[in-house]
$ cat entry_10.cif   # mmCIF, C-alpha atoms
data_coords
#
loop_
_atom_site.group_PDB
_atom_site.id
_atom_site.type_symbol
_atom_site.label_atom_id
_atom_site.label_comp_id
_atom_site.auth_asym_id
_atom_site.auth_seq_id
_atom_site.Cartn_x
_atom_site.Cartn_y
_atom_site.Cartn_z
ATOM 1 C CA MET A 842 -19.553 -10.157 -111.199
ATOM 2 C CA LEU A 843 -19.763 -9.079 -114.824
ATOM 3 C CA GLY A 844 -21.385 -5.814 -113.777
ATOM 4 C CA ILE A 845 -18.641 -5.091 -111.251
ATOM 5 C CA ILE A 846 -15.916 -5.756 -113.796
ATOM 6 C CA THR A 847 -17.688 -3.620 -116.384
ATOM 7 C CA ALA A 848 -18.170 -0.687 -114.036
ATOM 8 C CA CYS A 849 -14.636 -0.809 -112.638
ATOM 9 C CA ASN A 850 -13.115 -1.106 -116.096
ATOM 10 C CA GLU A 851 -15.049 1.928 -117.325
ATOM 11 C CA TRP A 852 -13.890 4.139 -114.498
ATOM 12 C CA SER A 853 -10.260 3.079 -114.851
ATOM 13 C CA GLN A 854 -10.235 3.538 -118.642
ATOM 14 C CA ARG A 855 -12.227 6.799 -118.520
ATOM 15 C CA THR A 856 -14.800 5.409 -120.944
ATOM 16 C CA ALA A 857 -17.530 6.185 -118.421
ATOM 17 C CA LEU A 858 -17.268 9.803 -119.470
ATOM 18 C CA ILE A 859 -19.279 9.251 -122.679
ATOM 19 C CA PRO A 860 -22.473 7.687 -121.273
ATOM 20 C CA PHE A 861 -22.588 10.049 -118.299
ATOM 21 C CA THR A 862 -22.218 13.148 -120.474
ATOM 22 C CA GLN A 863 -24.953 11.930 -122.819
ATOM 23 C CA GLU A 864 -27.322 11.040 -119.954
ATOM 24 C CA PRO A 865 -26.651 13.128 -116.847
ATOM 25 C CA ARG A 866 -28.973 11.044 -114.648
ATOM 26 C CA ARG A 867 -26.503 8.462 -113.392
ATOM 27 C CA LEU A 868 -29.181 6.113 -112.099
ATOM 28 C CA ARG A 869 -30.496 5.557 -115.639
ATOM 29 C CA VAL A 870 -27.007 4.722 -116.895
ATOM 30 C CA VAL A 871 -26.349 2.346 -114.006
ATOM 31 C CA LEU A 872 -29.715 0.606 -114.446
ATOM 32 C CA ALA A 873 -29.150 0.250 -118.196
ATOM 33 C CA LYS A 874 -25.733 -1.300 -117.567
ATOM 34 C CA LEU A 875 -27.196 -3.587 -114.907
ATOM 35 C CA LEU A 876 -30.011 -4.713 -117.208
ATOM 36 C CA SER A 877 -27.665 -5.367 -120.129
ATOM 37 C CA ALA A 878 -25.210 -7.315 -117.933
ATOM 38 C CA ALA A 879 -28.058 -9.391 -116.469
ATOM 39 C CA ALA A 880 -29.493 -10.115 -119.930
ATOM 40 C CA LEU A 881 -26.087 -11.056 -121.325
ATOM 41 C CA GLY A 882 -25.394 -13.292 -118.328
ATOM 42 C CA THR A 883 -28.774 -15.005 -118.624
ATOM 43 C CA ILE A 884 -28.290 -15.624 -122.336
ATOM 44 C CA ALA A 885 -24.777 -16.976 -121.764
ATOM 45 C CA VAL A 886 -25.931 -19.377 -119.045
ATOM 46 C CA ALA A 887 -28.884 -20.591 -121.126
ATOM 47 C CA LEU A 888 -26.670 -21.127 -124.167
ATOM 48 C CA ALA A 889 -24.074 -23.001 -122.112
ATOM 49 C CA TRP A 890 -26.798 -25.194 -120.621
ATOM 50 C CA VAL A 891 -28.270 -26.032 -124.028
ATOM 51 C CA LEU A 892 -24.844 -26.787 -125.521
ATOM 52 C CA ALA A 893 -23.871 -28.964 -122.542
ATOM 53 C CA LEU A 894 -27.144 -30.876 -122.723
ATOM 54 C CA GLY A 895 -26.737 -31.389 -126.456
ATOM 55 C CA ALA A 896 -23.160 -32.569 -126.042
ATOM 56 C CA PHE A 897 -24.219 -34.964 -123.287
ATOM 57 C CA LEU A 898 -27.033 -36.428 -125.348
ATOM 58 C CA ILE A 899 -24.965 -36.785 -128.502
ATOM 59 C CA LEU A 900 -21.587 -37.770 -127.110
ATOM 60 C CA GLY A 901 -22.433 -39.603 -123.809
ATOM 61 C CA ALA A 902 -22.375 -43.115 -125.452
ATOM 62 C CA TRP A 903 -19.626 -42.250 -128.009
ATOM 63 C CA VAL A 904 -17.001 -40.429 -125.875
ATOM 64 C CA ASP A 905 -17.337 -42.114 -122.486
ATOM 65 C CA VAL A 906 -14.990 -45.105 -122.422
ATOM 66 C CA ASN A 907 -16.784 -46.712 -119.473
ATOM 67 C CA ALA A 908 -20.140 -46.584 -121.242
ATOM 68 C CA ALA A 909 -18.617 -47.952 -124.441
ATOM 69 C CA LEU A 910 -16.918 -50.851 -122.652
ATOM 70 C CA THR A 911 -19.879 -51.815 -120.447
ATOM 71 C CA PRO A 912 -21.072 -54.595 -122.823
ATOM 72 C CA PHE A 913 -17.639 -56.246 -122.485
ATOM 73 C CA ALA A 914 -17.957 -56.286 -118.696
ATOM 74 C CA GLU A 915 -21.439 -57.773 -118.949
ATOM 75 C CA GLY A 916 -20.320 -60.447 -121.408
ATOM 76 C CA LEU A 917 -22.722 -59.359 -124.146
ATOM 77 C CA ASP A 918 -22.211 -59.611 -127.877
ATOM 78 C CA LEU A 919 -21.580 -56.180 -129.357
ATOM 79 C CA THR A 920 -23.625 -54.750 -132.195
ATOM 80 C CA GLY A 921 -22.129 -52.714 -135.024
ATOM 81 C CA THR A 922 -23.057 -49.477 -133.278
ATOM 82 C CA GLN A 923 -21.466 -50.612 -130.027
ATOM 83 C CA TRP A 924 -18.257 -51.553 -131.866
ATOM 84 C CA ALA A 925 -18.262 -48.081 -133.435
ATOM 85 C CA GLN A 926 -18.644 -46.539 -129.957
ATOM 86 C CA VAL A 927 -15.708 -48.599 -128.638
ATOM 87 C CA ASP A 928 -13.606 -47.573 -131.640
ATOM 88 C CA THR A 929 -14.526 -43.903 -131.337
ATOM 89 C CA SER A 930 -13.838 -43.670 -127.611
ATOM 90 C CA GLY A 931 -10.610 -45.632 -128.013
ATOM 91 C CA LEU A 932 -9.474 -43.331 -130.802
ATOM 92 C CA LEU A 933 -10.303 -40.199 -128.792
ATOM 93 C CA TRP A 934 -8.744 -41.307 -125.494
ATOM 94 C CA ILE A 935 -5.916 -43.611 -126.633
ATOM 95 C CA GLY A 936 -5.178 -43.174 -130.334
ATOM 96 C CA ILE A 937 -5.002 -39.381 -130.607
ATOM 97 C CA PRO A 938 -2.963 -38.857 -127.395
ATOM 98 C CA LEU A 939 -0.610 -41.666 -128.494
ATOM 99 C CA VAL A 940 -0.018 -40.059 -131.896
ATOM 100 C CA ILE A 941 0.540 -36.631 -130.310
ATOM 101 C CA GLY A 942 2.978 -38.103 -127.785
ATOM 102 C CA ILE A 943 4.950 -39.950 -130.468
ATOM 103 C CA TRP A 944 5.040 -36.800 -132.607
ATOM 104 C CA ARG A 945 6.357 -34.771 -129.659
ATOM 105 C CA VAL A 946 9.081 -37.316 -128.924
ATOM 106 C CA LEU A 947 10.186 -37.400 -132.552
ATOM 107 C CA THR A 948 10.248 -33.629 -133.085
ATOM 108 C CA ARG A 949 11.765 -32.369 -129.806
ATOM 109 C CA GLU A 950 15.428 -32.096 -129.034
ATOM 110 C CA VAL A 951 16.796 -34.023 -126.090
ATOM 111 C CA LYS A 952 18.254 -31.620 -123.539
#
$ encode --input "entry_10.cif" --output "structure tokens"
Amino acid sequence: MLGIITACNEWSQRTALIPFTQEPRRLRVVLAKLLSAAALGTIAVALAWVLALGAFLILGAWVDVNAALTPFAEGLDLTGTQWAQVDTSGLLWIGIPLVIGIWRVLTREVK
């Protein structure tokens, strides 16, 4: 898809004129564009995968409210870390939206 968008954009903006005048063999230009789009796409997907995995590993106990509140449902005593996870997830999903909502109500005009 990226290759299609790139090629179509070049022809509509007349920027395709430069590479094709520098290299008259169009197949070389097309293959170079295809290779660069494929490399960029592969790098982007790999980077997104690594970032998503890292976020899951780091934040999966701290951001997920269900995971943080599981010890309550099981009737277990919470450790200091588990209390911190409950506080963090509560702040992210309840505290911050509550403060933003109150701020919006206080600063907007009633119409």
$ resolve_selection --input "entry_10.cif" --expression "the PyMOL selection byres ((chain A and resi 929-945) around 9)" --output "PyMOL selection string"
chain A and resi 902-906+909+924-928+946-949
$ residues_around --input "entry_10.cif" --residues "A:Val870" --least-positions-apart "5" --cutoff "9 Å" --atoms "only C-alpha atoms" --output "PDB file with C-alpha atoms, keeping the file's coordinate frame"
ATOM      1  CA  PRO A 860     -22.473   7.687-121.273  1.00  0.00           C
ATOM      2  CA  PHE A 861     -22.588  10.049-118.299  1.00  0.00           C
ATOM      3  CA  GLU A 864     -27.322  11.040-119.954  1.00  0.00           C
ATOM      4  CA  PRO A 865     -26.651  13.128-116.847  1.00  0.00           C
ATOM      5  CA  LEU A 875     -27.196  -3.587-114.907  1.00  0.00           C
TER       6      LEU A 875
END
$ atom_distance --input "entry_10.cif" --atom1 "atom CA of A:Gly921" --atom2 "atom CA of A:Leu894"
25.6 Å
$ axis_aligned_box --input "entry_10.cif" --around "stretch 885-888 of chain A" --padding-each-side "3 Å" --output "JSON"
{"center_x": -26.8, "center_y": -19.1, "center_z": -121.6, "size_x": 10.1, "size_y": 10.2, "size_z": 11.1}
$ atom_distance --input "entry_10.cif" --atom1 "atom CA of A:Leu898" --atom2 "atom CA of A:Gln923"
15.9 Å
$ atom_distance --input "entry_10.cif" --atom1 "atom CA of A:Val871" --atom2 "atom CA of A:Leu858"
13.0 Å
